[in-house]
>>> print(open('query.csv').read())   # CSV, C-alpha atoms
chain,number,residue,atom,x,y,z
A,1,MET,CA,27.0,-6.9,17.4
A,2,THR,CA,28.0,-5.0,14.2
A,3,SER,CA,27.4,-7.8,11.7
A,4,LEU,CA,24.7,-10.4,11.1
A,5,CYS,CA,24.1,-13.3,8.7
A,6,ARG,CA,20.6,-12.8,7.2
A,7,GLU,CA,20.3,-16.6,6.5
A,8,CYS,CA,21.1,-18.2,9.9
A,9,GLN,CA,21.3,-15.0,12.1
A,10,GLN,CA,24.9,-15.7,13.2
A,11,GLN,CA,26.4,-12.6,14.8
A,12,ASN,CA,29.8,-10.9,14.9
A,13,ILE,CA,31.1,-12.2,11.6
A,14,GLU,CA,34.5,-10.9,10.5
A,15,LYS,CA,34.8,-12.9,7.2
A,16,PRO,CA,33.1,-12.1,3.9
A,17,ARG,CA,30.9,-15.2,4.3
A,18,CYS,CA,29.1,-16.6,7.3
A,19,PRO,CA,31.3,-19.3,8.9
A,20,ARG,CA,28.2,-21.2,10.0
A,21,CYS,CA,26.2,-21.5,6.8
A,22,GLY,CA,28.5,-20.1,4.2
A,23,SER,CA,26.1,-17.3,3.0
A,24,PRO,CA,27.4,-14.0,1.7
A,25,ARG,CA,24.2,-12.2,2.7
A,26,LEU,CA,25.7,-10.3,5.6
A,27,ILE,CA,24.7,-7.0,7.2
A,28,ARG,CA,27.5,-4.8,8.7
A,29,HIS,CA,26.7,-1.6,10.6
A,30,ALA,CA,28.1,0.2,13.6
A,31,GLU,CA,24.7,0.8,15.1
A,32,LEU,CA,23.1,-2.6,14.1
A,33,ASP,CA,22.6,-3.6,17.8
A,34,THR,CA,21.0,-0.3,18.9
A,35,LEU,CA,18.4,0.6,16.3
A,36,SER,CA,14.8,-0.5,16.8
A,37,ILE,CA,12.4,1.2,14.4
A,38,ALA,CA,11.7,-0.9,11.3
A,39,HIS,CA,9.7,-0.8,8.1
A,40,MET,CA,8.9,-4.1,6.4
A,41,ASP,CA,7.7,-3.9,2.8
A,42,CYS,CA,6.8,-7.1,0.9
A,43,ASP,CA,8.4,-7.4,-2.6
A,44,ALA,CA,5.9,-7.0,-5.4
A,45,PHE,CA,3.3,-8.5,-3.0
A,46,PHE,CA,0.3,-9.2,-5.3
A,47,ALA,CA,2.5,-10.6,-8.1
A,48,SER,CA,4.5,-12.7,-5.5
A,49,VAL,CA,1.3,-14.3,-4.2
A,50,GLU,CA,0.3,-15.2,-7.7
A,51,LYS,CA,3.7,-16.7,-8.5
A,52,ARG,CA,3.6,-18.6,-5.3
A,53,ASP,CA,0.2,-20.1,-6.0
A,54,ASN,CA,1.0,-20.9,-9.6
A,55,PRO,CA,4.6,-22.1,-10.0
A,56,GLU,CA,4.3,-21.9,-13.8
A,57,LEU,CA,4.5,-18.1,-13.5
A,58,ALA,CA,7.8,-18.2,-11.6
A,59,HIS,CA,10.0,-16.8,-14.3
A,60,LYS,CA,7.4,-15.0,-16.4
A,61,PRO,CA,6.6,-11.3,-16.3
A,62,VAL,CA,3.4,-10.9,-14.3
A,63,ILE,CA,1.2,-7.8,-14.1
A,64,ILE,CA,-1.7,-7.5,-11.7
A,65,GLY,CA,-4.5,-5.2,-13.0
A,66,GLY,CA,-7.6,-4.9,-15.1
A,67,GLY,CA,-8.2,-4.9,-18.9
A,68,ARG,CA,-6.5,-2.8,-21.5
A,69,ARG,CA,-8.4,0.3,-20.2
A,70,GLY,CA,-7.3,-0.3,-16.6
A,71,VAL,CA,-4.1,0.4,-14.7
A,72,VAL,CA,-1.3,-1.7,-13.2
A,73,SER,CA,-1.9,-2.5,-9.6
A,74,THR,CA,1.6,-4.0,-9.3
A,75,ALA,CA,4.1,-5.9,-11.4
A,76,CYS,CA,6.7,-8.5,-10.7
A,77,TYR,CA,10.4,-7.6,-10.9
A,78,VAL,CA,10.7,-9.3,-14.3
A,79,ALA,CA,8.1,-6.9,-15.7
A,80,ARG,CA,9.7,-3.9,-13.9
A,81,ILE,CA,13.0,-4.5,-15.6
A,82,LYS,CA,11.1,-3.7,-18.9
A,83,GLY,CA,9.7,-0.5,-17.4
A,84,VAL,CA,6.3,-1.5,-16.1
A,85,ARG,CA,5.3,0.5,-13.0
A,86,SER,CA,2.4,0.6,-10.6
A,87,ALA,CA,-0.5,3.0,-11.7
A,88,MET,CA,0.7,2.8,-15.3
A,89,PRO,CA,-2.1,2.5,-17.9
A,90,MET,CA,-2.4,-1.2,-18.9
A,91,PHE,CA,-2.0,-0.5,-22.6
A,92,LYS,CA,1.3,1.2,-22.0
A,93,ALA,CA,2.5,-1.6,-19.8
A,94,LEU,CA,1.7,-4.1,-22.5
A,95,GLU,CA,3.5,-2.1,-25.1
A,96,LEU,CA,6.6,-2.2,-22.9
A,97,CYS,CA,6.1,-5.9,-21.9
A,98,PRO,CA,3.9,-7.6,-24.6
A,99,ASP,CA,4.7,-11.1,-23.2
A,100,ALA,CA,3.4,-10.3,-19.7
A,101,VAL,CA,0.8,-12.5,-18.0
A,102,VAL,CA,-2.0,-10.1,-16.8
A,103,ILE,CA,-4.0,-11.3,-13.8
A,104,LYS,CA,-7.0,-9.8,-12.2
A,105,PRO,CA,-6.4,-9.0,-8.5
A,106,ARG,CA,-7.5,-11.8,-6.0
A,107,PHE,CA,-7.9,-9.7,-2.9
A,108,ASP,CA,-9.0,-12.6,-0.7
A,109,ALA,CA,-5.7,-14.4,-1.4
A,110,TYR,CA,-3.7,-11.2,-0.6
A,111,VAL,CA,-5.6,-10.6,2.6
A,112,GLU,CA,-5.0,-14.1,3.8
A,113,ALA,CA,-1.2,-13.8,3.1
A,114,SER,CA,-1.2,-10.4,4.8
A,115,ARG,CA,-2.8,-11.7,7.9
A,116,ALA,CA,-0.3,-14.6,8.1
A,117,ILE,CA,2.6,-12.1,8.0
A,118,ARG,CA,0.8,-9.9,10.6
A,119,VAL,CA,0.7,-12.9,13.0
A,120,MET,CA,4.5,-13.2,12.6
A,121,MET,CA,5.0,-9.5,13.3
A,122,ASP,CA,2.7,-9.6,16.3
A,123,GLU,CA,4.8,-12.4,17.8
A,124,MET,CA,7.8,-10.1,17.8
A,125,THR,CA,6.3,-6.8,19.2
A,126,PRO,CA,2.9,-5.4,20.1
A,127,ASP,CA,3.8,-2.2,18.3
A,128,VAL,CA,2.9,-3.0,14.7
A,129,GLU,CA,1.5,-0.2,12.5
A,130,PRO,CA,0.2,-1.5,9.2
A,131,LEU,CA,0.2,0.9,6.3
A,132,SER,CA,-1.4,-1.5,3.8
A,133,LEU,CA,-1.7,-5.2,3.1
A,134,ASP,CA,2.0,-5.5,2.3
A,135,GLU,CA,3.9,-3.0,4.5
A,136,ALA,CA,4.1,-2.1,8.2
A,137,PHE,CA,6.1,-0.2,10.7
A,138,MET,CA,7.4,-2.0,13.8
A,139,ASP,CA,8.9,-0.7,17.1
A,140,LEU,CA,11.1,-3.4,18.6
A,141,GLY,CA,12.5,-1.2,21.4
A,142,GLY,CA,12.7,-3.2,24.7
A,143,THR,CA,12.1,-6.6,23.1
A,144,ALA,CA,15.7,-7.8,23.2
A,145,ARG,CA,15.3,-9.3,26.7
A,146,LEU,CA,12.0,-11.0,25.7
A,147,HIS,CA,13.5,-12.7,22.6
A,148,GLY,CA,17.1,-13.0,23.7
A,149,ALA,CA,18.2,-11.2,20.6
A,150,PRO,CA,18.4,-7.6,19.4
A,151,PRO,CA,15.8,-6.2,16.9
A,152,ALA,CA,18.1,-6.7,13.8
A,153,VAL,CA,18.2,-10.5,14.5
A,154,MET,CA,14.4,-10.7,15.0
A,155,LEU,CA,13.8,-8.8,11.7
A,156,ALA,CA,16.2,-11.2,9.8
A,157,ARG,CA,14.2,-14.1,11.3
A,158,LEU,CA,10.9,-12.5,10.2
A,159,VAL,CA,11.8,-12.3,6.5
A,160,LYS,CA,13.4,-15.7,6.6
A,161,ARG,CA,10.1,-17.1,8.1
A,162,MET,CA,8.1,-15.3,5.5
A,163,GLU,CA,10.2,-16.9,2.7
A,164,ASP,CA,10.3,-20.4,4.3
A,165,GLU,CA,6.7,-20.7,5.5
A,166,LEU,CA,4.7,-18.5,3.2
A,167,GLY,CA,6.8,-18.4,0.0
A,168,LEU,CA,6.9,-14.6,0.1
A,169,THR,CA,9.8,-12.2,0.4
A,170,GLY,CA,10.1,-8.8,2.0
A,171,SER,CA,12.6,-6.0,2.5
A,172,ILE,CA,13.6,-4.5,5.8
A,173,GLY,CA,14.5,-0.9,6.6
A,174,LEU,CA,16.0,-0.3,10.1
A,175,SER,CA,16.7,3.1,11.6
A,176,HIS,CA,16.0,5.4,14.5
A,177,ASN,CA,12.6,6.8,13.3
A,178,LYS,CA,9.8,5.9,10.9
A,179,PHE,CA,10.8,8.4,8.2
A,180,LEU,CA,14.2,6.9,7.8
A,181,ALA,CA,13.1,3.3,8.2
A,182,LYS,CA,10.7,3.6,5.3
A,183,ILE,CA,13.4,5.2,3.1
A,184,ALA,CA,15.8,2.4,4.1
A,185,SER,CA,13.3,-0.4,3.1
A,186,ASP,CA,13.4,0.8,-0.5
A,187,LEU,CA,17.2,1.0,-0.8
A,188,ASP,CA,18.0,-2.7,-1.4
A,189,LYS,CA,14.9,-4.3,-3.0
A,190,PRO,CA,14.0,-7.1,-3.4
A,191,ARG,CA,15.0,-9.2,-0.4
A,192,GLY,CA,16.8,-6.2,1.1
A,193,PHE,CA,17.9,-5.2,4.5
A,194,ALA,CA,19.2,-1.6,4.7
A,195,VAL,CA,20.2,0.4,7.8
A,196,ILE,CA,20.4,4.1,8.4
A,197,GLY,CA,22.1,5.0,11.7
A,198,LYS,CA,21.9,8.2,13.7
A,199,ALA,CA,25.5,9.1,13.2
A,200,GLU,CA,25.2,9.0,9.4
A,201,THR,CA,21.7,10.6,9.0
A,202,LEU,CA,22.7,14.0,7.8
A,203,GLU,CA,25.4,12.8,5.5
A,204,PHE,CA,23.0,10.2,4.0
A,205,LEU,CA,20.2,12.7,3.3
A,206,ALA,CA,22.4,15.5,2.0
A,207,ASP,CA,22.3,14.8,-1.7
A,208,LYS,CA,19.1,12.8,-1.8
A,209,PRO,CA,16.1,14.2,-3.7
A,210,VAL,CA,13.2,15.5,-1.6
A,211,ARG,CA,10.8,13.3,-3.6
A,212,MET,CA,12.0,10.5,-1.2
A,213,ILE,CA,9.7,12.1,1.4
A,214,TRP,CA,6.7,9.9,1.8
A,215,GLY,CA,3.6,11.7,0.8
A,216,VAL,CA,5.3,14.2,-1.5
A,217,GLY,CA,3.6,13.6,-4.9
A,218,ALA,CA,4.0,15.3,-8.2
A,219,ALA,CA,2.2,18.5,-7.1
A,220,GLY,CA,4.2,18.7,-3.9
A,221,GLN,CA,7.5,18.1,-5.7
A,222,ALA,CA,6.6,20.9,-8.2
A,223,ALA,CA,5.9,23.3,-5.4
A,224,LEU,CA,9.3,22.5,-3.7
A,225,GLU,CA,11.1,22.8,-7.0
A,226,ALA,CA,9.5,26.2,-7.6
A,227,ALA,CA,11.1,27.3,-4.3
A,228,GLY,CA,14.4,25.9,-5.5
A,229,ILE,CA,14.3,22.9,-3.3
A,230,ARG,CA,15.4,19.7,-5.0
A,231,THR,CA,17.6,18.0,-2.4
A,232,PHE,CA,17.7,17.7,1.4
A,233,THR,CA,20.6,20.1,1.4
A,234,ASP,CA,18.5,22.7,-0.4
A,235,LEU,CA,15.8,22.1,2.2
A,236,ALA,CA,18.2,22.4,5.2
A,237,ARG,CA,19.2,25.9,4.1
A,238,TRP,CA,15.7,27.2,4.8
A,239,GLU,CA,14.8,28.8,8.1
A,240,GLN,CA,11.9,27.2,9.9
A,241,THR,CA,9.8,30.4,9.8
A,242,ASP,CA,10.3,30.7,6.1
A,243,LEU,CA,9.2,27.2,5.4
A,244,VAL,CA,6.1,27.6,7.5
A,245,ALA,CA,5.3,30.9,5.8
A,246,ARG,CA,5.6,29.2,2.3
A,247,PHE,CA,4.2,25.8,3.0
A,248,GLY,CA,2.0,26.2,6.0
A,249,SER,CA,2.0,23.4,8.6
A,250,MET,CA,3.8,21.1,6.2
A,251,GLY,CA,6.7,23.5,6.4
A,252,LEU,CA,7.4,22.6,10.0
A,253,ARG,CA,7.5,18.9,9.2
A,254,LEU,CA,9.8,19.6,6.2
A,255,TRP,CA,12.2,21.5,8.5
A,256,HIS,CA,12.4,18.5,10.8
A,257,LEU,CA,12.7,16.0,8.0
A,258,ALA,CA,15.6,17.9,6.5
A,259,ARG,CA,17.5,17.1,9.7
A,260,GLY,CA,16.3,13.5,9.7
A,261,GLU,CA,14.0,14.1,12.7
A,262,ASP,CA,10.6,12.3,13.0
A,263,ARG,CA,9.0,12.0,16.4
A,264,ARG,CA,5.9,10.0,15.3
A,265,PRO,CA,5.5,6.9,17.4
A,266,VAL,CA,4.7,3.5,15.9
A,267,SER,CA,1.1,3.0,16.8
A,268,SER,CA,-0.9,-0.2,16.5
A,269,ARG,CA,-4.0,1.9,17.3
A,270,THR,CA,-3.9,4.2,14.3
A,271,PRO,CA,-7.4,4.2,13.1
A,272,VAL,CA,-8.3,3.6,9.4
A,273,LYS,CA,-10.1,6.8,8.4
A,274,GLY,CA,-11.5,5.6,5.1
A,275,ILE,CA,-11.3,3.0,2.3
A,276,SER,CA,-11.3,4.0,-1.4
A,277,ASN,CA,-10.5,2.8,-4.8
A,278,GLU,CA,-10.1,4.7,-8.1
A,279,THR,CA,-9.1,4.1,-11.7
A,280,THR,CA,-7.7,6.4,-14.3
A,281,PHE,CA,-8.9,5.7,-17.8
A,282,SER,CA,-6.5,5.4,-20.8
A,283,GLU,CA,-9.0,7.6,-22.7
A,284,ASP,CA,-11.5,10.1,-21.4
A,285,THR,CA,-15.1,8.8,-21.5
A,286,ALA,CA,-18.6,10.0,-21.1
A,287,ASP,CA,-20.2,6.6,-21.8
A,288,PRO,CA,-22.7,6.1,-19.0
A,289,ASP,CA,-22.8,2.3,-19.3
A,290,LEU,CA,-19.0,2.1,-19.2
A,291,LEU,CA,-18.9,4.4,-16.2
A,292,GLU,CA,-21.6,2.4,-14.4
A,293,GLY,CA,-19.5,-0.7,-14.8
A,294,HIS,CA,-16.5,1.1,-13.3
A,295,VAL,CA,-18.6,2.3,-10.4
A,296,TRP,CA,-19.6,-1.3,-9.7
A,297,ARG,CA,-15.9,-2.6,-9.8
A,298,MET,CA,-14.8,0.2,-7.5
A,299,ALA,CA,-17.7,-0.6,-5.1
A,300,GLU,CA,-16.8,-4.3,-5.1
A,301,LYS,CA,-13.1,-3.5,-4.3
A,302,VAL,CA,-14.1,-1.1,-1.5
A,303,ALA,CA,-16.5,-3.6,0.0
A,304,GLY,CA,-13.9,-6.3,-0.2
A,305,ARG,CA,-11.3,-4.3,1.7
A,306,ALA,CA,-13.9,-3.2,4.3
A,307,LYS,CA,-14.8,-6.9,4.8
A,308,ALA,CA,-11.1,-7.8,5.1
A,309,LYS,CA,-10.5,-5.1,7.7
A,310,GLY,CA,-13.7,-6.0,9.6
A,311,VAL,CA,-15.2,-2.5,9.2
A,312,ALA,CA,-18.2,-0.8,7.7
A,313,GLY,CA,-18.8,2.8,6.7
A,314,ARG,CA,-21.5,5.4,7.2
A,315,VAL,CA,-20.5,7.7,4.3
A,316,VAL,CA,-20.3,6.7,0.6
A,317,GLN,CA,-18.1,9.0,-1.6
A,318,LEU,CA,-17.8,9.5,-5.3
A,319,LYS,CA,-14.8,11.1,-7.0
A,320,LEU,CA,-14.7,12.2,-10.7
A,321,LYS,CA,-11.9,14.0,-12.5
A,322,LYS,CA,-13.0,15.8,-15.7
A,323,SER,CA,-11.0,16.1,-18.9
A,324,ASP,CA,-9.7,19.5,-17.7
A,325,HIS,CA,-8.4,17.9,-14.5
A,326,SER,CA,-11.1,19.6,-12.3
A,327,LEU,CA,-12.4,17.4,-9.6
A,328,ILE,CA,-16.0,16.6,-8.6
A,329,THR,CA,-16.6,15.0,-5.2
A,330,ARG,CA,-19.9,13.9,-3.8
A,331,ARG,CA,-20.8,12.2,-0.5
A,332,HIS,CA,-23.9,10.8,1.1
A,333,ALA,CA,-24.4,9.5,4.7
A,334,LEU,CA,-26.2,6.2,5.0
A,335,ARG,CA,-28.9,5.5,7.6
A,336,ASP,CA,-26.7,2.7,9.0
A,337,PRO,CA,-23.2,1.7,8.2
A,338,SER,CA,-22.6,-0.8,5.4
A,339,GLN,CA,-19.9,-3.0,3.9
A,340,ILE,CA,-22.1,-4.5,1.2
A,341,ALA,CA,-21.0,-3.8,-2.4
A,342,ASP,CA,-24.5,-3.6,-3.7
A,343,ARG,CA,-25.4,-0.9,-1.2
A,344,ILE,CA,-22.2,1.1,-1.8
A,345,PHE,CA,-22.8,0.8,-5.6
A,346,ARG,CA,-26.4,2.0,-5.5
A,347,GLU,CA,-25.5,5.0,-3.3
A,348,ALA,CA,-22.5,5.9,-5.5
A,349,MET,CA,-24.7,5.6,-8.6
A,350,GLU,CA,-27.3,8.0,-7.0
A,351,LEU,CA,-24.4,10.5,-6.5
A,352,PHE,CA,-23.3,9.9,-10.1
A,353,ARG,CA,-26.7,10.5,-11.6
A,354,ALA,CA,-26.9,13.8,-9.8
A,355,VAL,CA,-23.9,15.1,-11.6
A,356,PRO,CA,-24.7,17.1,-14.7
A,357,ARG,CA,-24.5,15.1,-17.9
A,358,GLY,CA,-22.3,15.7,-20.9
A,359,ASP,CA,-18.8,15.8,-19.4
A,360,SER,CA,-16.1,13.3,-20.1
A,361,TYR,CA,-14.0,11.9,-17.3
A,362,ARG,CA,-10.5,10.7,-16.9
A,363,LEU,CA,-10.7,9.3,-13.4
A,364,LEU,CA,-13.4,7.7,-11.2
A,365,GLY,CA,-13.3,6.7,-7.6
A,366,VAL,CA,-15.6,5.3,-4.9
A,367,GLY,CA,-14.9,5.5,-1.2
A,368,LEU,CA,-16.3,4.6,2.2
A,369,SER,CA,-15.6,6.7,5.3
A,370,ASP,CA,-16.7,7.3,8.9
A,371,LEU,CA,-15.8,3.7,9.6
A,372,VAL,CA,-17.1,1.5,12.5
A,373,PRO,CA,-16.7,-2.2,13.4
A,374,GLU,CA,-18.5,-4.5,11.1
A,375,GLY,CA,-20.7,-5.8,13.9
A,376,ASN,CA,-22.6,-2.5,13.6
A,377,ALA,CA,-23.2,-2.9,9.8
A,378,ASP,CA,-26.3,-3.4,7.8
A,379,LEU,CA,-28.6,-4.0,10.8
A,380,THR,CA,-31.8,-2.3,9.9
A,381,GLY,CA,-32.0,-2.9,6.1
A,382,ASP,CA,-33.7,-0.5,3.7
A,383,LEU,CA,-37.5,-0.1,4.2
A,384,LEU,CA,-37.8,1.5,0.8
A,385,ASP,CA,-36.0,-1.3,-0.9
A,386,PRO,CA,-37.4,-4.7,0.2
A,387,GLY,CA,-34.9,-6.6,-2.0
A,388,ALA,CA,-31.9,-5.1,-0.3
A,389,ALA,CA,-31.7,-7.8,2.4
A,390,GLN,CA,-32.0,-10.6,-0.2
A,391,ARG,CA,-29.2,-9.0,-2.3
A,392,ALA,CA,-27.0,-8.7,0.7
A,393,ALA,CA,-27.5,-12.3,1.6
A,394,ALA,CA,-26.7,-13.3,-2.0
A,395,GLU,CA,-23.5,-11.2,-1.8
A,396,ARG,CA,-22.4,-13.0,1.4
A,397,ALA,CA,-23.0,-16.3,-0.4
A,398,THR,CA,-21.0,-15.1,-3.4
A,399,ASP,CA,-18.1,-14.1,-1.0
A,400,ALA,CA,-18.0,-17.6,0.4
A,401,ILE,CA,-18.0,-19.2,-3.1
A,402,ARG,CA,-15.2,-16.9,-4.3
A,403,ALA,CA,-13.1,-17.6,-1.2
A,404,LYS,CA,-13.3,-21.3,-2.0
A,405,PHE,CA,-13.1,-21.3,-5.8
A,406,GLY,CA,-11.5,-18.0,-6.7
A,407,GLU,CA,-12.6,-14.4,-7.7
A,408,ASP,CA,-13.8,-15.4,-11.1
A,409,ALA,CA,-16.1,-18.2,-9.8
A,410,ILE,CA,-19.0,-15.7,-10.0
A,411,LEU,CA,-19.2,-12.5,-12.1
A,412,LYS,CA,-22.0,-9.9,-12.2
A,413,GLY,CA,-23.1,-8.8,-15.6
A,414,ARG,CA,-22.4,-5.2,-14.9
A,415,ALA,CA,-18.8,-6.1,-14.1
A,416,LEU,CA,-18.2,-7.0,-17.7
A,417,ARG,CA,-19.1,-3.5,-19.0
>>> encode(input="query.csv", output="structure tokens")
Amino acid sequence: MTSLCRECQQQNIEKPRCPRCGSPRLIRHAELDTLSIAHMDCDAFFASVEKRDNPELAHKPVIIGGGRRGVVSTACYVARIKGVRSAMPMFKALELCPDAVVIKPRFDAYVEASRAIRVMMDEMTPDVEPLSLDEAFMDLGGTARLHGAPPAVMLARLVKRMEDELGLTGSIGLSHNKFLAKIASDLDKPRGFAVIGKAETLEFLADKPVRMIWGVGAAGQAALEAAGIRTFTDLARWEQTDLVARFGSMGLRLWHLARGEDRRPVSSRTPVKGISNETTFSEDTADPDLLEGHVWRMAEKVAGRAKAKGVAGRVVQLKLKKSDHSLITRRHALRDPSQIADRIFREAMELFRAVPRGDSYRLLGVGLSDLVPEGNADLTGDLLDPGAAQRAAAERATDAIRAKFGEDAILKGRALR
């Protein structure tokens, strides 16, 4: 098989359109029937869930995020055309797209959609490695006999099912390792299906910028550019020993990636090491009431994600970035693991109060680490705080109400700060 219709999965098509369904959405590649490592990335996931649940938003620019002092979580493609991007300050996004509809995140809805997609992936292969709610790696090696179809066909069926049954779209990257599969999934968005074969790997990478490497941020890119490395061709010229001497252990990984090599397996057992959430302010602030409100919102988001993943954490972390970009990090171990927002908030505020006053901050984050299954969470309560159990019970009741009536059904006063 070197060609495939993405609509009806007809194979071995020679004409420009599928002879079975008439669709022009065809994939042609010499290695299409042999590659088995895939990356599926939902298209503008949060915004797509909102548009699915509210058809009136279908053709409108939609931004998911907080108020004017917040940042963009994600934006639909209508808003992206106007320059809106994830992590952009909200005031800047609204300058670029003043007619955008801004929606606060509904994580319960996103988690529910993510779980439905995960069920579909699990039906294809046991080797699914989620990266977040909206993307995952899959290894479909050895599944062709089980399904009576090669991996490419099963992947086309997956995104077709997502669209037909869930009203959500995704893009597929198919290759011979995780590094290239993730790159491929970004090449043809939205509703894309891109393939990078073994034979073309070096030619494909040659002129590509090294910022395509997952995990290379602005600081990493600056370090590479300082060494004269802007493209994969530049990177491939370096000897392995020189890269290791300059970049440490990352140098060895860079040497392999320059040649399109990635031996990491797709693992469904990769543990979640921590959960965190942070926000960058549009203006630096030292206002304690405003900062307390942000600590609460971060704690709520961290707790929501912990509950969605069925975990709890033993360590609460606070992260602050000052006006001069210097970082302050504090952490405190709990007596027993927790996933309760109220508990996370109170611990984070204790850490915040211990930081010397007077500084202004540009970023604030709250995290939870040393994770354990939620069955081990909040078992003993707090002997020094008799009201903790009552607040935890109230929070569980609030979760149930929000799940039924929406995130805004109940708001805490401190969330309005």
>>> atom_distance(input="query.csv", atom1="CA of Leu146 (chain A)", atom2="CA of Ser23 (chain A)")
27.5 Å
>>> closest_atom_pairs(input="query.csv", of="region 143-205 of chain A", to="region 225-245 of chain A", cutoff="10 Å", atoms="all atoms listed in the file", output="tab-separated table")
residue	atom	partner	partner_atom	distance
A:Leu202	CA	A:Phe232	CA	8.9
A:Glu203	CA	A:Thr233	CA	9.7
A:Phe204	CA	A:Phe232	CA	9.5
A:Leu205	CA	A:Phe232	CA	5.9
>>> closest_residue(input="query.csv", among="A:Gly167, A:Pro24, A:Gly358, A:Gly251", to="Arg52 (chain A)", atoms="only C-alpha atoms")
A:Gly167
>>> residues_around(input="query.csv", residues="Ser323 (chain A)", least_positions_apart="5", cutoff="8 Å", atoms="all atoms listed in the file", output="list in words")
Asp284, Asp359, Ser360, Tyr361 and Arg362 of chain A
>>> atom_distance(input="query.csv", atom1="CA of Lys301 (chain A)", atom2="CA of Arg335 (chain A)")
21.7 Å
>>> closest_residue(input="query.csv", among="A:Ile196, A:Ala219, A:Ala109, A:Cys42", to="Ala181 (chain A)", atoms="all atoms listed in the file")
A:Ile196
>>> closest_residue(input="query.csv", among="A:Gln317, A:Ser114, A:Ser36, A:Asn54", to="Gly170 (chain A)", atoms="only C-alpha atoms")
A:Ser114
>>> atom_distance(input="query.csv", atom1="CA of Leu290 (chain A)", atom2="CA of Phe46 (chain A)")
26.3 Å
>>> closest_residue(input="query.csv", among="A:Ile172, A:Leu131, A:Val195, A:Val302", to="Arg269 (chain A)", atoms="all atoms listed in the file")
A:Leu131
>>> closest_residue(input="query.csv", among="A:Arg246, A:Arg106, A:Ala306, A:Phe345", to="Asp53 (chain A)", atoms="only C-alpha atoms")
A:Arg106
>>> closest_atom_pairs(input="query.csv", of="region 150-258 of chain A", to="region 4-22 of chain A", cutoff="9 Å", atoms="only C-alpha atoms", output="Markdown table")
| residue | atom | partner | partner_atom | distance |
| --- | --- | --- | --- | --- |
| A:Ala152 | CA | A:Leu4 | CA | 8.0 |
| A:Val153 | CA | A:Gln9 | CA | 6.0 |
| A:Met154 | CA | A:Gln9 | CA | 8.6 |
| A:Ala156 | CA | A:Arg6 | CA | 5.4 |
| A:Arg157 | CA | A:Gln9 | CA | 7.2 |
| A:Val159 | CA | A:Arg6 | CA | 8.8 |
| A:Lys160 | CA | A:Glu7 | CA | 7.0 |
| A:Phe193 | CA | A:Arg6 | CA | 8.5 |
>>> closest_atom_pairs(input="query.csv", of="region 241-335 of chain A", to="region 67-84 of chain A", cutoff="10 Å", atoms="all atoms listed in the file", output="Markdown table")
| residue | atom | partner | partner_atom | distance |
| --- | --- | --- | --- | --- |
| A:Glu278 | CA | A:Val71 | CA | 9.9 |
| A:Thr279 | CA | A:Gly70 | CA | 6.8 |
| A:Thr280 | CA | A:Val71 | CA | 7.0 |
| A:Phe281 | CA | A:Arg69 | CA | 5.9 |
| A:Ser282 | CA | A:Arg69 | CA | 5.5 |
| A:Glu283 | CA | A:Arg69 | CA | 7.7 |
| A:His294 | CA | A:Gly70 | CA | 9.9 |
>>> write_last_selection(input="query.csv", atoms="C-alpha atoms", output="tab-separated table (two decimals), in the coordinates of the input")
chain	number	residue	atom	x	y	z
A	278	GLU	CA	-10.10	4.70	-8.10
A	279	THR	CA	-9.10	4.10	-11.70
A	280	THR	CA	-7.70	6.40	-14.30
A	281	PHE	CA	-8.90	5.70	-17.80
A	282	SER	CA	-6.50	5.40	-20.80
A	283	GLU	CA	-9.00	7.60	-22.70
A	294	HIS	CA	-16.50	1.10	-13.30
>>> closest_residue(input="query.csv", among="A:Leu224, A:Val101, A:Ala286, A:Val266", to="Val128 (chain A)", atoms="only C-alpha atoms")
A:Val266
>>> residues_near_point(input="query.csv", point="(0.2, -3.8, -23.8)", cutoff="10 Å", atoms="all atoms listed in the file", output="list of chain:residue names")
A:Gly67, A:Arg68, A:Pro89, A:Met90, A:Phe91, A:Lys92, A:Ala93, A:Leu94, A:Glu95, A:Leu96, A:Cys97, A:Pro98, A:Asp99, A:Ala100, A:Val102
>>> write_last_selection(input="query.csv", atoms="C-alpha atoms", output="PDB file, keeping the file's coordinate frame")
ATOM      1  CA  GLY A  67      -8.200  -4.900 -18.900  1.00  0.00           C
ATOM      2  CA  ARG A  68      -6.500  -2.800 -21.500  1.00  0.00           C
ATOM      3  CA  PRO A  89      -2.100   2.500 -17.900  1.00  0.00           C
ATOM      4  CA  MET A  90      -2.400  -1.200 -18.900  1.00  0.00           C
ATOM      5  CA  PHE A  91      -2.000  -0.500 -22.600  1.00  0.00           C
ATOM      6  CA  LYS A  92       1.300   1.200 -22.000  1.00  0.00           C
ATOM      7  CA  ALA A  93       2.500  -1.600 -19.800  1.00  0.00           C
ATOM      8  CA  LEU A  94       1.700  -4.100 -22.500  1.00  0.00           C
ATOM      9  CA  GLU A  95       3.500  -2.100 -25.100  1.00  0.00           C
ATOM     10  CA  LEU A  96       6.600  -2.200 -22.900  1.00  0.00           C
ATOM     11  CA  CYS A  97       6.100  -5.900 -21.900  1.00  0.00           C
ATOM     12  CA  PRO A  98       3.900  -7.600 -24.600  1.00  0.00           C
ATOM     13  CA  ASP A  99       4.700 -11.100 -23.200  1.00  0.00           C
ATOM     14  CA  ALA A 100       3.400 -10.300 -19.700  1.00  0.00           C
ATOM     15  CA  VAL A 102      -2.000 -10.100 -16.800  1.00  0.00           C
TER      16      VAL A 102
END
